[in-house]
Amino acid sequence: MKKIYAIGLAAAVLMGSNLAVADKVEDAIEYRQGVFKTIKWNFGPMVGMVKGKIDFDAADFSRRADLVAVLAKMPGEGFIEGSDMGDTDAKSEIWENKAEFDKGMDALAENAAALAVAAQSGDMSVIKPAFGQLGKTCKGCHDDFREKE
Ligand code: HEC
């Protein structure tokens, strides 16, 4: 009797911890997607200005570049073990090549920081190449590690 009770209790504890893990995975996925969405929110007007589709506003561009430089340091930690399952476009290749993926995250932070510095010049001819470099970093990682929509 006692043994059965103990097994039942162990199973309940195990189930509870599995639920906690599932919660954590869901939170991590929502977190990183939220950060990327926030990056995109700021990226939109920057793309418009670089392409000349909206008027270049040096102060606004610089403010957004500063925000993106901070945000770029954030999504990496959301790619926790086991979070290739669920409502996510992250490919399982991320966890098979974690070192390479982490390098991509470092490049994201570095290139975003470089853009923030370039943006201080207020000069589009300085901003453009830095922006191109950052854009390539986004695309390179998405090509390898994100499911196509
Ligand atoms: C090192 C890899 C990597 C880099 C660099 C990267 N991304 Fe992503 N991005 C991902 C992955 C993986 C996902 C899928 C996340 C998920 O669904 O859990 C994603 C998702 C997104 C999404 C969709 C978010 C959503 O769910 O709505 C946007 C938007 C996005 N990235 C924008 C960017 C932009 C802009 C840059 C460059 C400034 C960038 N990303 C750089 C890996 C990267």
# chains A, B, ... in the order shown; residues from 1 in each chain; ligands from 1
call {"tool": "residues_near_ligand", "arguments": {"ligand": "ligand 1", "cutoff": "6 Å", "atoms": "only C-alpha atoms and all ligand atoms", "output": "list in words"}}
result
Ile29, Gln33, Phe36, Lys37, Ile39, Lys40, Thr88, Asp89, Ala90, Phe101, Gly104, Met105, Leu108, Leu134, Gly135, Thr137, Cys138, Cys141, His142, Phe145 and Arg146 of chain A
call {"tool": "write_last_selection", "arguments": {"atoms": "C-alpha atoms", "output": "compact mmCIF listing (two decimals), in the first residue's frame"}}
result
# COMPACT_ATOMS: atom_id res chain seq x y z
CA ILE A 29 9.25 30.99 -26.93
CA GLN A 33 9.33 36.07 -30.33
CA PHE A 36 12.09 39.84 -32.34
CA LYS A 37 8.72 41.53 -32.84
CA ILE A 39 13.13 44.61 -33.12
CA LYS A 40 10.92 44.41 -36.22
CA THR A 88 7.68 28.22 -32.75
CA ASP A 89 9.47 28.63 -36.07
CA ALA A 90 12.81 27.73 -34.52
CA PHE A 101 23.77 29.67 -33.58
CA GLY A 104 24.99 34.33 -34.99
CA MET A 105 23.47 35.90 -31.87
CA LEU A 108 23.56 40.27 -34.17
CA LEU A 134 22.99 44.00 -39.89
CA GLY A 135 20.31 42.99 -42.39
CA THR A 137 23.00 38.94 -40.17
CA CYS A 138 19.22 38.63 -39.77
CA CYS A 141 20.45 33.19 -39.42
CA HIS A 142 16.85 32.97 -40.61
CA PHE A 145 17.66 28.30 -38.38
CA ARG A 146 14.13 29.57 -38.91
call {"tool": "residues_around", "arguments": {"residues": "Tyr31 in chain A", "least_positions_apart": "6", "cutoff": "10 Å", "atoms": "only C-alpha atoms", "output": "number ranges by chain"}}
result
A: 25, 37, 74-75, 77-79
call {"tool": "write_last_selection", "arguments": {"atoms": "C-alpha atoms", "output": "mmCIF file, in the first residue's frame"}}
result
data_model
loop_
_atom_site.group_PDB
_atom_site.id
_atom_site.type_symbol
_atom_site.label_atom_id
_atom_site.label_comp_id
_atom_site.auth_asym_id
_atom_site.auth_seq_id
_atom_site.Cartn_x
_atom_site.Cartn_y
_atom_site.Cartn_z
ATOM 1 C CA VAL A 25 9.357 26.446 -22.696
ATOM 2 C CA LYS A 37 8.716 41.531 -32.840
ATOM 3 C CA MET A 74 18.123 39.749 -25.648
ATOM 4 C CA PRO A 75 16.672 36.927 -27.787
ATOM 5 C CA GLU A 77 18.758 33.445 -23.836
ATOM 6 C CA GLY A 78 15.219 32.529 -24.917
ATOM 7 C CA PHE A 79 16.492 29.560 -26.932
#
call {"tool": "closest_residue", "arguments": {"among": "A:Gly76, A:Gly44, A:Gly140, A:Gly86", "to": "Phe61 in chain A", "atoms": "only C-alpha atoms"}}
result
A:Gly44
call {"tool": "closest_residue", "arguments": {"among": "A:Lys91, A:Lys73, A:Lys136, A:Lys53", "to": "Ala109 in chain A", "atoms": "only C-alpha atoms"}}
result
A:Lys73
call {"tool": "select_by_dssp", "arguments": {"residues": "chain A", "states": "alpha helix (DSSP H)", "output": "ChimeraX atom specification"}}
result
/A:2-50,58-71,93-96,98-119,124-145
call {"tool": "closest_residue", "arguments": {"among": "A:Asp144, A:Ala113, A:Gly52, A:Leu67", "to": "Ala130 in chain A", "atoms": "only C-alpha atoms"}}
result
A:Ala113
call {"tool": "atom_distance", "arguments": {"atom1": "CA of Ala22 in chain A", "atom2": "CA of Ile94 in chain A"}}
result
18.8 Å
call {"tool": "atom_distance", "arguments": {"atom1": "CA of Val70 in chain A", "atom2": "CA of Ala116 in chain A"}}
result
9.7 Å
call {"tool": "decode", "arguments": {"residues": "range 47-67 of chain A", "atoms": "N, CA, C and O atoms", "output": "compact mmCIF listing (two decimals), in the first residue's frame"}}
result
# COMPACT_ATOMS: atom_id res chain seq x y z
N VAL A 47 14.21 50.66 -42.26
CA VAL A 47 14.27 50.17 -43.64
C VAL A 47 13.71 51.23 -44.59
O VAL A 47 14.31 51.54 -45.62
N GLY A 48 12.58 51.80 -44.19
CA GLY A 48 11.94 52.84 -45.02
C GLY A 48 12.89 54.00 -45.27
O GLY A 48 12.98 54.52 -46.39
N MET A 49 13.60 54.42 -44.23
CA MET A 49 14.52 55.57 -44.38
C MET A 49 15.72 55.20 -45.23
O MET A 49 16.16 55.98 -46.09
N VAL A 50 16.27 53.99 -45.02
CA VAL A 50 17.44 53.56 -45.81
C VAL A 50 17.06 53.46 -47.28
O VAL A 50 17.84 53.84 -48.16
N LYS A 51 15.86 52.98 -47.55
CA LYS A 51 15.43 52.83 -48.94
C LYS A 51 14.89 54.12 -49.54
O LYS A 51 14.51 54.15 -50.72
N GLY A 52 14.81 55.17 -48.71
CA GLY A 52 14.32 56.45 -49.22
C GLY A 52 12.81 56.49 -49.41
O GLY A 52 12.28 57.37 -50.07
N LYS A 53 12.11 55.53 -48.80
CA LYS A 53 10.65 55.50 -48.94
C LYS A 53 9.98 56.45 -47.95
O LYS A 53 8.85 56.90 -48.17
N ILE A 54 10.65 56.69 -46.83
CA ILE A 54 10.18 57.75 -45.93
C ILE A 54 11.35 58.70 -45.66
O ILE A 54 12.51 58.32 -45.78
N ASP A 55 11.00 59.94 -45.33
CA ASP A 55 12.04 60.96 -45.13
C ASP A 55 13.01 60.54 -44.03
O ASP A 55 12.59 60.03 -42.99
N PHE A 56 14.29 60.79 -44.29
CA PHE A 56 15.31 60.46 -43.30
C PHE A 56 15.24 61.45 -42.14
O PHE A 56 15.33 62.66 -42.32
N ASP A 57 15.05 60.90 -40.95
CA ASP A 57 15.03 61.70 -39.72
C ASP A 57 16.17 61.14 -38.86
O ASP A 57 16.04 60.08 -38.25
N ALA A 58 17.30 61.83 -38.87
CA ALA A 58 18.52 61.31 -38.24
C ALA A 58 18.32 61.00 -36.76
O ALA A 58 18.81 59.98 -36.26
N ALA A 59 17.58 61.87 -36.06
CA ALA A 59 17.38 61.66 -34.62
C ALA A 59 16.52 60.42 -34.37
O ALA A 59 16.81 59.61 -33.48
N ASP A 60 15.47 60.27 -35.16
CA ASP A 60 14.60 59.11 -35.00
C ASP A 60 15.33 57.82 -35.36
O ASP A 60 15.21 56.79 -34.68
N PHE A 61 16.13 57.90 -36.44
CA PHE A 61 16.89 56.71 -36.85
C PHE A 61 17.85 56.30 -35.73
O PHE A 61 17.94 55.11 -35.37
N SER A 62 18.52 57.27 -35.17
CA SER A 62 19.51 57.00 -34.13
C SER A 62 18.85 56.42 -32.87
O SER A 62 19.36 55.48 -32.26
N ARG A 63 17.69 56.97 -32.52
CA ARG A 63 16.95 56.46 -31.35
C ARG A 63 16.58 54.99 -31.56
O ARG A 63 16.76 54.15 -30.68
N ARG A 64 16.09 54.66 -32.76
CA ARG A 64 15.70 53.27 -33.04
C ARG A 64 16.92 52.36 -33.09
O ARG A 64 16.87 51.21 -32.64
N ALA A 65 18.02 52.85 -33.64
CA ALA A 65 19.24 52.04 -33.71
C ALA A 65 19.74 51.74 -32.29
O ALA A 65 20.21 50.63 -32.01
N ASP A 66 19.60 52.72 -31.39
CA ASP A 66 20.00 52.49 -29.99
C ASP A 66 19.12 51.41 -29.36
O ASP A 66 19.61 50.53 -28.63
N LEU A 67 17.82 51.48 -29.61
CA LEU A 67 16.89 50.48 -29.06
C LEU A 67 17.22 49.09 -29.60
O LEU A 67 17.29 48.12 -28.84
